[in-house]
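Input: a single structure, listed below in structure tokens.
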Amino acid sequence: MIDIKVIREKPDLVKKAVVDKGMNVDIDRVLSVDARRRELETEFNELRHEQKQAGEKIAQAPKEQKAELSKATGQLKGRIKQIEEERARVDAELHELMLLVPQIPHPDAPIGPDESGNVEIRQVGKPRTKADFGFEFKDHVELGTRLKLFDMERGVKLAGSRNYVLAGYGSMLHEAVLRLAWDMMVERGWTPLTVPVLVSEELMIGTGFFPLHRDEVYLAERDEMCLVGTSEVPVTGLHGDEILELDELPKKYFARSTCFRREAGAAGKDTRGLYRIHYFDKLEEVVLCAADPEESAKHHAEILQNAEDLLQALELPYRVVEVCTGDMGQSKVRQYDVETWMPSREMYSETHSASRYHDFQARRLKLRYRDADGRVRVCHTLNSTVVASPRILIPLLETNQNEDGSVSIPAALRKYMHGVERIG
RNA sequence: GGAGAGGUGGCCGAGCGGCUUAAGGCGCCGGUCUUGAAAACCGGUGACGCGCAAGCGUCCGGGGGUUCGAAUCCCUCCCUCUCCGCCA
């Protein structure tokens, strides 16, 4: 949620953000509802003041006058109730509208309608096409099935489409990648957290996933709980409703969790293999910092660097893309995706996403801090994937395959693989 | 799941219909004293909304109700703690 003052003072800027991000919310309606709310607020304040003063008089009056005075003041009650009811309605409408207003994108973010407007920033490593392998290339499904690393059919038997079972070295490799990332983040001084993955709806609103992306989330409706699609949700919400001290910031957290995604609206898309699946595990890094765009930018560079360093440790070619306004979603100021080269897809595909939110999530979460002057201010938040598996196993297996169908293990992972250097 | 006790400002904690403008303490900030610090003493110190401001209002777990007036009484939901049950 953005500060309503920004809408009052710079409505055109907000309207432009609505257009650039392809959102659907009537900013003029927001302004008129806001104006009405302020009117009612003032009116309510005045009536309430009158009521309190009258009450004081009654308290001090001699007994025999109390009944009469009470009767006179009683009339205020009805009017106040009327105002209160209208205010409740107007507040609710304003709140609903505000939940739809987008964060204003960074002026340097590329403007574009969708993925096609994203801008490549750099490539690292040399991608190889299927032909470059010099032998009959096998995709990760073929490799994994032959080497018994995973079992797609039985995954479907257990839980329907887009489910899978990792087994043996497949399961080990999955853990190895996550543990490599875990150790890297601990060594860099980040604080690991273990957090709930079944959370309240309130937290989904607070982190900006609801109301717009409700369809993409699994709901445990009987208990009014939601399965998170990323540990960003509980980690960012950790200090919600708090006022942190300046010297506590920045908070640099990471958490591993299973992530659940309905993939609604993706029917028939990316159906083969481990690319688009209903559950996976992810290490997510989250920063809570002071409300300073420069500091935000600094942390943004750092979380992106962590993601890149992980891929470099895995020796996988990738590129960094700056995500355009139409593709970054409602809540972000600026976003970089890291796309790893996937030989079977013959393209770079998203494996990481590093986002900067400024105060969007923090305002919804009431995540604040006291600045050097003692003023209460809304924090900035950021987050990025460190690694998500099994998606990352796609390029890992495909890139490291040998002619005989075996797969070599990159050096960085061997200590987590009990020294195994080659599978098959 | 059953029984009981509770949820009050950054923290602890009093208050149980109108002298609450939420006491008191801790913490924090400023001052006095001191070579400096500590201690002591003095003063200040909640969040949110409306307003140019003076100021006014809201908030005592959430929601609803009673009353001229609610932190205080009633209903309801949530959460925490203790004991019992179940259990990885």
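Chain labels run A, B, ... following the order of the structure tokens; each chain numbers its residues from 1, and ligands are numbered from 1 in the order shown.
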Select from region 3-31 of chain B every residue with an atom at most 10 Å from any atom of region 67-88 of chain B, then for each give the shortest pair of atoms and their distance in Å to one decimal, using only C-alpha atoms (C1' of nucleotides), rows by chain and rising number, as a Markdown table.
| residue | atom | partner | partner_atom | distance |
| --- | --- | --- | --- | --- |
| B:A3 | C1' | B:C84 | C1' | 7.9 |
| B:G4 | C1' | B:U82 | C1' | 7.9 |
| B:A5 | C1' | B:U82 | C1' | 7.6 |
| B:G6 | C1' | B:C81 | C1' | 7.3 |
| B:G7 | C1' | B:U80 | C1' | 7.3 |
| B:U8 | C1' | B:A71 | C1' | 7.0 |
| B:G15 | C1' | B:U72 | C1' | 8.0 |
| B:C16 | C1' | B:U72 | C1' | 4.7 |
| B:G17 | C1' | B:U72 | C1' | 6.4 |
| B:G18 | C1' | B:G69 | C1' | 6.6 |
| B:U20 | C1' | B:A71 | C1' | 9.5 |
| B:A22 | C1' | B:A71 | C1' | 8.1 |
Kindly provide the residues of chain B that approach chain A to within 12 Å, each paired with its closest atom pair and their distance in Å to one decimal, based on only C-alpha atoms (C1' of nucleotides), listed by chain and increasing number, as CSV.
residue,atom,partner,partner_atom,distance
B:G10,C1',A:Ile243,CA,8.2
B:G17,C1',A:Ala59,CA,11.2
B:G18,C1',A:Ala59,CA,5.3
B:C19,C1',A:Gln60,CA,9.9
B:C28,C1',A:Gly374,CA,10.5
B:C29,C1',A:Gly374,CA,9.4
B:U45,C1',A:Gly374,CA,10.2
B:G46,C1',A:Val376,CA,11.1
B:A47,C1',A:Val376,CA,9.2
B:C48,C1',A:Val376,CA,11.2
B:G49,C1',A:Glu41,CA,8.0
B:C50,C1',A:Thr42,CA,5.8
B:G51,C1',A:Thr42,CA,8.9
B:G55,C1',A:Asn45,CA,11.7
B:C56,C1',A:Asn45,CA,6.6
B:G57,C1',A:Asn45,CA,4.8
B:U58,C1',A:Asn45,CA,8.9
B:U67,C1',A:Gly74,CA,9.8
B:C68,C1',A:Ser70,CA,4.0
B:G69,C1',A:Gly55,CA,5.3
Original post:
How many Å lie between CA of Val197 (chain A) and CA of Ile394 (chain A), rounded to one decimal?
Top reply: 25.2 Å
Subject >> Expected answer as an MDAnalysis selection string: strand (DSSP E) residues in region 45-147 of chain A >> reply: chainID A and resid 119:124
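For Val217 (chain A), the list of residues within 8 Å, based on only C-alpha atoms (C1' of nucleotides) and with local chain neighbours fewer than 3 positions off taken out, reads His213, Arg214, Cys226, Leu227, Val228, Gly229, Phe260, Arg261 and Arg262 of chain A.
Taking CA of Pro105 (chain A) as the reference point, CA of Arg334 (chain A) is found at 6.2 Å.
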Find the spatial neighbours of Thr258 (chain A), counting only C-alpha atoms (C1' of nucleotides), within a cut-off of 12 Å - ignore same-chain residues fewer than 2 positions away - and output them as a PDB file with N, CA and C atoms, in the first residue's frame.
ATOM      1  N   LEU A 178      20.400 -26.756  -1.720  1.00  0.00           N
ATOM      2  CA  LEU A 178      19.829 -25.914  -0.661  1.00  0.00           C
ATOM      3  C   LEU A 178      20.820 -25.718   0.480  1.00  0.00           C
ATOM      4  N   THR A 194      13.484 -20.287  10.762  1.00  0.00           N
ATOM      5  CA  THR A 194      12.565 -21.361  10.404  1.00  0.00           C
ATOM      6  C   THR A 194      11.173 -20.848  10.743  1.00  0.00           C
ATOM      7  N   VAL A 195      10.302 -20.823   9.763  1.00  0.00           N
ATOM      8  CA  VAL A 195       9.041 -20.073   9.897  1.00  0.00           C
ATOM      9  C   VAL A 195       7.827 -20.904   9.475  1.00  0.00           C
ATOM     10  N   PRO A 196       6.640 -20.490   9.938  1.00  0.00           N
ATOM     11  CA  PRO A 196       5.417 -21.195   9.526  1.00  0.00           C
ATOM     12  C   PRO A 196       5.170 -21.040   8.025  1.00  0.00           C
ATOM     13  N   VAL A 197       4.633 -22.081   7.408  1.00  0.00           N
ATOM     14  CA  VAL A 197       4.266 -21.981   5.993  1.00  0.00           C
ATOM     15  C   VAL A 197       2.751 -21.918   5.812  1.00  0.00           C
ATOM     16  N   LEU A 198       2.028 -22.156   6.903  1.00  0.00           N
ATOM     17  CA  LEU A 198       0.573 -22.015   6.886  1.00  0.00           C
ATOM     18  C   LEU A 198       0.262 -20.759   7.691  1.00  0.00           C
ATOM     19  N   LEU A 227      -1.547 -21.531   2.542  1.00  0.00           N
ATOM     20  CA  LEU A 227      -0.224 -22.128   2.361  1.00  0.00           C
ATOM     21  C   LEU A 227       0.627 -21.139   1.573  1.00  0.00           C
ATOM     22  N   VAL A 228       1.756 -20.778   2.099  1.00  0.00           N
ATOM     23  CA  VAL A 228       2.550 -19.737   1.436  1.00  0.00           C
ATOM     24  C   VAL A 228       3.207 -20.259   0.160  1.00  0.00           C
ATOM     25  N   GLY A 229       3.362 -19.359  -0.800  1.00  0.00           N
ATOM     26  CA  GLY A 229       4.065 -19.678  -2.033  1.00  0.00           C
ATOM     27  C   GLY A 229       5.541 -19.334  -1.922  1.00  0.00           C
ATOM     28  N   THR A 230       5.926 -18.738  -0.788  1.00  0.00           N
ATOM     29  CA  THR A 230       7.304 -18.344  -0.551  1.00  0.00           C
ATOM     30  C   THR A 230       7.451 -17.956   0.921  1.00  0.00           C
ATOM     31  N   SER A 231       8.627 -18.213   1.494  1.00  0.00           N
ATOM     32  CA  SER A 231       8.833 -17.834   2.896  1.00  0.00           C
ATOM     33  C   SER A 231       9.005 -16.333   3.049  1.00  0.00           C
ATOM     34  N   GLU A 232       9.069 -15.620   1.937  1.00  0.00           N
ATOM     35  CA  GLU A 232       9.019 -14.151   1.981  1.00  0.00           C
ATOM     36  C   GLU A 232       7.854 -13.691   2.867  1.00  0.00           C
ATOM     37  N   ALA A 255      15.357 -17.739   4.916  1.00  0.00           N
ATOM     38  CA  ALA A 255      14.631 -18.910   5.398  1.00  0.00           C
ATOM     39  C   ALA A 255      14.466 -19.898   4.265  1.00  0.00           C
ATOM     40  N   ARG A 256      14.518 -21.171   4.639  1.00  0.00           N
ATOM     41  CA  ARG A 256      14.197 -22.221   3.689  1.00  0.00           C
ATOM     42  C   ARG A 256      12.781 -22.660   3.990  1.00  0.00           C
ATOM     43  N   PHE A 260       4.210 -23.491  -1.940  1.00  0.00           N
ATOM     44  CA  PHE A 260       3.057 -24.128  -2.570  1.00  0.00           C
ATOM     45  C   PHE A 260       2.419 -23.177  -3.577  1.00  0.00           C
ATOM     46  N   ARG A 261       2.236 -23.658  -4.789  1.00  0.00           N
ATOM     47  CA  ARG A 261       1.640 -22.787  -5.817  1.00  0.00           C
ATOM     48  C   ARG A 261       0.568 -23.530  -6.599  1.00  0.00           C
ATOM     49  N   ILE A 277       5.709 -26.618 -11.066  1.00  0.00           N
ATOM     50  CA  ILE A 277       5.213 -27.660 -10.181  1.00  0.00           C
ATOM     51  C   ILE A 277       4.491 -27.047  -8.976  1.00  0.00           C
ATOM     52  N   HIS A 278       3.687 -27.888  -8.307  1.00  0.00           N
ATOM     53  CA  HIS A 278       2.846 -27.353  -7.227  1.00  0.00           C
ATOM     54  C   HIS A 278       3.583 -27.158  -5.904  1.00  0.00           C
ATOM     55  N   TYR A 279       4.710 -27.828  -5.739  1.00  0.00           N
ATOM     56  CA  TYR A 279       5.467 -27.592  -4.508  1.00  0.00           C
ATOM     57  C   TYR A 279       6.956 -27.676  -4.805  1.00  0.00           C
ATOM     58  N   PHE A 280       7.730 -26.884  -4.100  1.00  0.00           N
ATOM     59  CA  PHE A 280       9.186 -26.944  -4.226  1.00  0.00           C
ATOM     60  C   PHE A 280       9.791 -26.337  -2.967  1.00  0.00           C
ATOM     61  N   ASP A 281      11.086 -26.391  -2.865  1.00  0.00           N
ATOM     62  CA  ASP A 281      11.750 -25.804  -1.701  1.00  0.00           C
ATOM     63  C   ASP A 281      12.596 -24.629  -2.140  1.00  0.00           C
ATOM     64  N   LYS A 282      12.626 -23.623  -1.300  1.00  0.00           N
ATOM     65  CA  LYS A 282      13.325 -22.410  -1.697  1.00  0.00           C
ATOM     66  C   LYS A 282      13.994 -21.760  -0.494  1.00  0.00           C
ATOM     67  N   LEU A 283      15.187 -21.236  -0.735  1.00  0.00           N
ATOM     68  CA  LEU A 283      15.853 -20.380   0.239  1.00  0.00           C
ATOM     69  C   LEU A 283      15.618 -18.949  -0.228  1.00  0.00           C
ATOM     70  N   GLU A 284      14.975 -18.164   0.646  1.00  0.00           N
ATOM     71  CA  GLU A 284      14.638 -16.794   0.296  1.00  0.00           C
ATOM     72  C   GLU A 284      15.363 -15.840   1.236  1.00  0.00           C
ATOM     73  N   ALA A 388      16.106 -22.026  -5.612  1.00  0.00           N
ATOM     74  CA  ALA A 388      14.858 -22.787  -5.545  1.00  0.00           C
ATOM     75  C   ALA A 388      15.081 -24.113  -6.254  1.00  0.00           C
ATOM     76  N   SER A 389      14.707 -25.170  -5.557  1.00  0.00           N
ATOM     77  CA  SER A 389      14.889 -26.501  -6.139  1.00  0.00           C
ATOM     78  C   SER A 389      13.586 -27.274  -5.980  1.00  0.00           C
ATOM     79  N   PRO A 390      13.237 -28.134  -6.920  1.00  0.00           N
ATOM     80  CA  PRO A 390      14.077 -28.716  -7.976  1.00  0.00           C
ATOM     81  C   PRO A 390      14.192 -27.936  -9.276  1.00  0.00           C
TER      82      PRO A 390
END
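CA of Val165 (chain A) sits 12.3 Å away from CA of Val141 (chain A).
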Non-local contacts of Asp139 (chain A) (10 Å; only C-alpha atoms (C1' of nucleotides); under 5 positions in same chain excluded) as a PDB file with N, CA and C atoms, in the first residue's frame:
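Saved file out-v6.pdb follows:
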ATOM      1  N   LYS A 130      21.726 -27.699 -27.525  1.00  0.00           N
ATOM      2  CA  LYS A 130      21.719 -29.174 -27.549  1.00  0.00           C
ATOM      3  C   LYS A 130      22.824 -29.688 -28.445  1.00  0.00           C
ATOM      4  N   GLY A 144      16.855 -37.903 -15.467  1.00  0.00           N
ATOM      5  CA  GLY A 144      16.390 -38.194 -14.112  1.00  0.00           C
ATOM      6  C   GLY A 144      15.670 -39.529 -14.023  1.00  0.00           C
ATOM      7  N   GLY A 273       8.179 -32.204 -16.897  1.00  0.00           N
ATOM      8  CA  GLY A 273       9.300 -32.163 -15.976  1.00  0.00           C
ATOM      9  C   GLY A 273       9.111 -31.297 -14.752  1.00  0.00           C
ATOM     10  N   MET A 342      18.774 -23.036 -19.730  1.00  0.00           N
ATOM     11  CA  MET A 342      18.259 -24.407 -19.679  1.00  0.00           C
ATOM     12  C   MET A 342      18.367 -25.004 -21.069  1.00  0.00           C
ATOM     13  N   PRO A 343      19.345 -25.898 -21.262  1.00  0.00           N
ATOM     14  CA  PRO A 343      19.611 -26.419 -22.607  1.00  0.00           C
ATOM     15  C   PRO A 343      18.380 -27.034 -23.280  1.00  0.00           C
ATOM     16  N   SER A 344      17.562 -27.770 -22.528  1.00  0.00           N
ATOM     17  CA  SER A 344      16.410 -28.426 -23.165  1.00  0.00           C
ATOM     18  C   SER A 344      15.403 -27.399 -23.663  1.00  0.00           C
ATOM     19  N   ARG A 345      15.286 -26.298 -22.976  1.00  0.00           N
ATOM     20  CA  ARG A 345      14.342 -25.265 -23.378  1.00  0.00           C
ATOM     21  C   ARG A 345      14.972 -24.333 -24.406  1.00  0.00           C
ATOM     22  N   ILE A 394      17.097 -28.637 -13.209  1.00  0.00           N
ATOM     23  CA  ILE A 394      16.949 -28.762 -14.670  1.00  0.00           C
ATOM     24  C   ILE A 394      18.261 -28.374 -15.362  1.00  0.00           C
ATOM     25  N   PRO A 395      18.743 -27.134 -15.189  1.00  0.00           N
ATOM     26  CA  PRO A 395      20.019 -26.801 -15.817  1.00  0.00           C
ATOM     27  C   PRO A 395      21.189 -27.578 -15.221  1.00  0.00           C
ATOM     28  N   LEU A 397      21.356 -30.720 -14.099  1.00  0.00           N
ATOM     29  CA  LEU A 397      21.463 -32.067 -14.676  1.00  0.00           C
ATOM     30  C   LEU A 397      21.810 -31.986 -16.158  1.00  0.00           C
ATOM     31  N   GLU A 398      21.114 -31.104 -16.864  1.00  0.00           N
ATOM     32  CA  GLU A 398      21.285 -31.054 -18.319  1.00  0.00           C
ATOM     33  C   GLU A 398      22.681 -30.567 -18.703  1.00  0.00           C
ATOM     34  N   THR A 399      23.157 -29.576 -17.982  1.00  0.00           N
ATOM     35  CA  THR A 399      24.461 -28.991 -18.311  1.00  0.00           C
ATOM     36  C   THR A 399      25.602 -29.959 -18.024  1.00  0.00           C
ATOM     37  N   GLN A 401      25.580 -33.304 -18.021  1.00  0.00           N
ATOM     38  CA  GLN A 401      25.422 -34.673 -18.499  1.00  0.00           C
ATOM     39  C   GLN A 401      26.606 -35.105 -19.366  1.00  0.00           C
TER      40      GLN A 401
END
**OP:** Taking the chain letters and numbering used in this document, name the residues of region 168-319 of chain A that DSSP puts in helix (DSSP H, G or I), as number ranges by chain.
**Re:** A: 169-187, 201-206, 214-216, 221-223, 232-237, 246-248, 293-313
**OP:** Identify which of the residues A:Arg276, A:Ala35, A:Ala267, A:Pro250 lies closest to Lys298 (chain A), counting only C-alpha atoms when measuring atom-to-atom distances.
**Re:** A:Pro250
Original post:
Pick from A:Glu263, A:Glu120, A:Asp309, A:Asp215: nearest to Tyr336 (chain A), with only C-alpha atoms counted?
Top reply: A:Glu120
**OP:** Between A:Asp34, A:Asp404, A:Glu216, A:Glu175, single out the one closest to Ala264 (chain A), counting only C-alpha atoms.
**Re:** A:Glu216
Which residues come within 7 Å of Phe360 (chain A), counting only C-alpha atoms (C1' of nucleotides), excluding same-chain residues fewer than 3 positions away, as an mmCIF file with all heavy atoms, in the first residue's frame?
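This went into out17.cif:
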data_model
loop_
_atom_site.group_PDB
_atom_site.id
_atom_site.type_symbol
_atom_site.label_atom_id
_atom_site.label_comp_id
_atom_site.auth_asym_id
_atom_site.auth_seq_id
_atom_site.Cartn_x
_atom_site.Cartn_y
_atom_site.Cartn_z
ATOM 1 N N MET A 1 0.845 -1.192 0.000
ATOM 2 C CA MET A 1 0.000 0.000 0.000
ATOM 3 C C MET A 1 0.883 1.246 0.000
ATOM 4 O O MET A 1 1.876 1.297 0.698
ATOM 5 C CB MET A 1 -0.859 -0.010 1.259
ATOM 6 C CG MET A 1 -1.974 0.981 1.230
ATOM 7 S SD MET A 1 -3.449 0.328 2.012
ATOM 8 C CE MET A 1 -2.900 0.054 3.681
ATOM 9 N N ILE A 2 0.494 2.203 -0.805
ATOM 10 C CA ILE A 2 1.280 3.426 -0.806
ATOM 11 C C ILE A 2 0.633 4.420 0.161
ATOM 12 O O ILE A 2 -0.493 4.241 0.611
ATOM 13 C CB ILE A 2 1.425 4.036 -2.225
ATOM 14 C CG1 ILE A 2 0.101 4.578 -2.741
ATOM 15 C CG2 ILE A 2 1.963 2.994 -3.205
ATOM 16 C CD1 ILE A 2 0.258 5.380 -4.032
ATOM 17 N N GLN A 103 2.283 0.251 -6.230
ATOM 18 C CA GLN A 103 3.486 0.990 -5.869
ATOM 19 C C GLN A 103 3.986 1.695 -7.128
ATOM 20 O O GLN A 103 3.867 1.183 -8.236
ATOM 21 C CB GLN A 103 4.549 0.003 -5.350
ATOM 22 C CG GLN A 103 5.882 0.619 -4.987
ATOM 23 C CD GLN A 103 5.779 1.584 -3.830
ATOM 24 O OE1 GLN A 103 5.231 2.680 -3.980
ATOM 25 N NE2 GLN A 103 6.300 1.212 -2.675
ATOM 26 N N SER A 331 3.253 -4.550 -6.481
ATOM 27 C CA SER A 331 3.862 -4.124 -5.229
ATOM 28 C C SER A 331 5.305 -3.631 -5.353
ATOM 29 O O SER A 331 5.844 -3.089 -4.407
ATOM 30 C CB SER A 331 3.786 -5.273 -4.234
ATOM 31 O OG SER A 331 4.259 -6.463 -4.832
ATOM 32 N N TYR A 357 10.697 -3.166 -2.751
ATOM 33 C CA TYR A 357 9.303 -2.770 -2.549
ATOM 34 C C TYR A 357 9.143 -1.364 -1.985
ATOM 35 O O TYR A 357 8.031 -0.874 -1.890
ATOM 36 C CB TYR A 357 8.614 -3.742 -1.577
ATOM 37 C CG TYR A 357 8.542 -5.152 -2.094
ATOM 38 C CD1 TYR A 357 9.627 -6.013 -1.977
ATOM 39 C CD2 TYR A 357 7.403 -5.619 -2.712
ATOM 40 C CE1 TYR A 357 9.566 -7.308 -2.478
ATOM 41 C CE2 TYR A 357 7.317 -6.905 -3.205
ATOM 42 C CZ TYR A 357 8.413 -7.749 -3.085
ATOM 43 O OH TYR A 357 8.354 -9.026 -3.576
ATOM 44 N N ARG A 363 4.061 -0.805 4.862
ATOM 45 C CA ARG A 363 2.909 -0.017 5.297
ATOM 46 C C ARG A 363 1.725 -0.930 5.577
ATOM 47 O O ARG A 363 1.016 -0.774 6.560
ATOM 48 C CB ARG A 363 2.535 1.029 4.241
ATOM 49 C CG ARG A 363 1.285 1.827 4.646
ATOM 50 C CD ARG A 363 1.066 3.095 3.850
ATOM 51 N NE ARG A 363 1.984 4.129 4.288
ATOM 52 C CZ ARG A 363 3.064 4.506 3.636
ATOM 53 N NH1 ARG A 363 3.350 3.950 2.462
ATOM 54 N NH2 ARG A 363 3.848 5.420 4.116
ATOM 55 N N ARG A 364 1.515 -1.918 4.722
ATOM 56 C CA ARG A 364 0.426 -2.869 4.951
ATOM 57 C C ARG A 364 0.640 -3.668 6.234
ATOM 58 O O ARG A 364 -0.292 -4.031 6.930
ATOM 59 C CB ARG A 364 0.333 -3.854 3.782
ATOM 60 C CG ARG A 364 -0.173 -3.236 2.503
ATOM 61 C CD ARG A 364 -0.305 -4.314 1.445
ATOM 62 N NE ARG A 364 -0.896 -3.778 0.225
ATOM 63 C CZ ARG A 364 -1.696 -4.473 -0.585
ATOM 64 N NH1 ARG A 364 -1.992 -5.725 -0.323
ATOM 65 N NH2 ARG A 364 -2.183 -3.920 -1.671
#
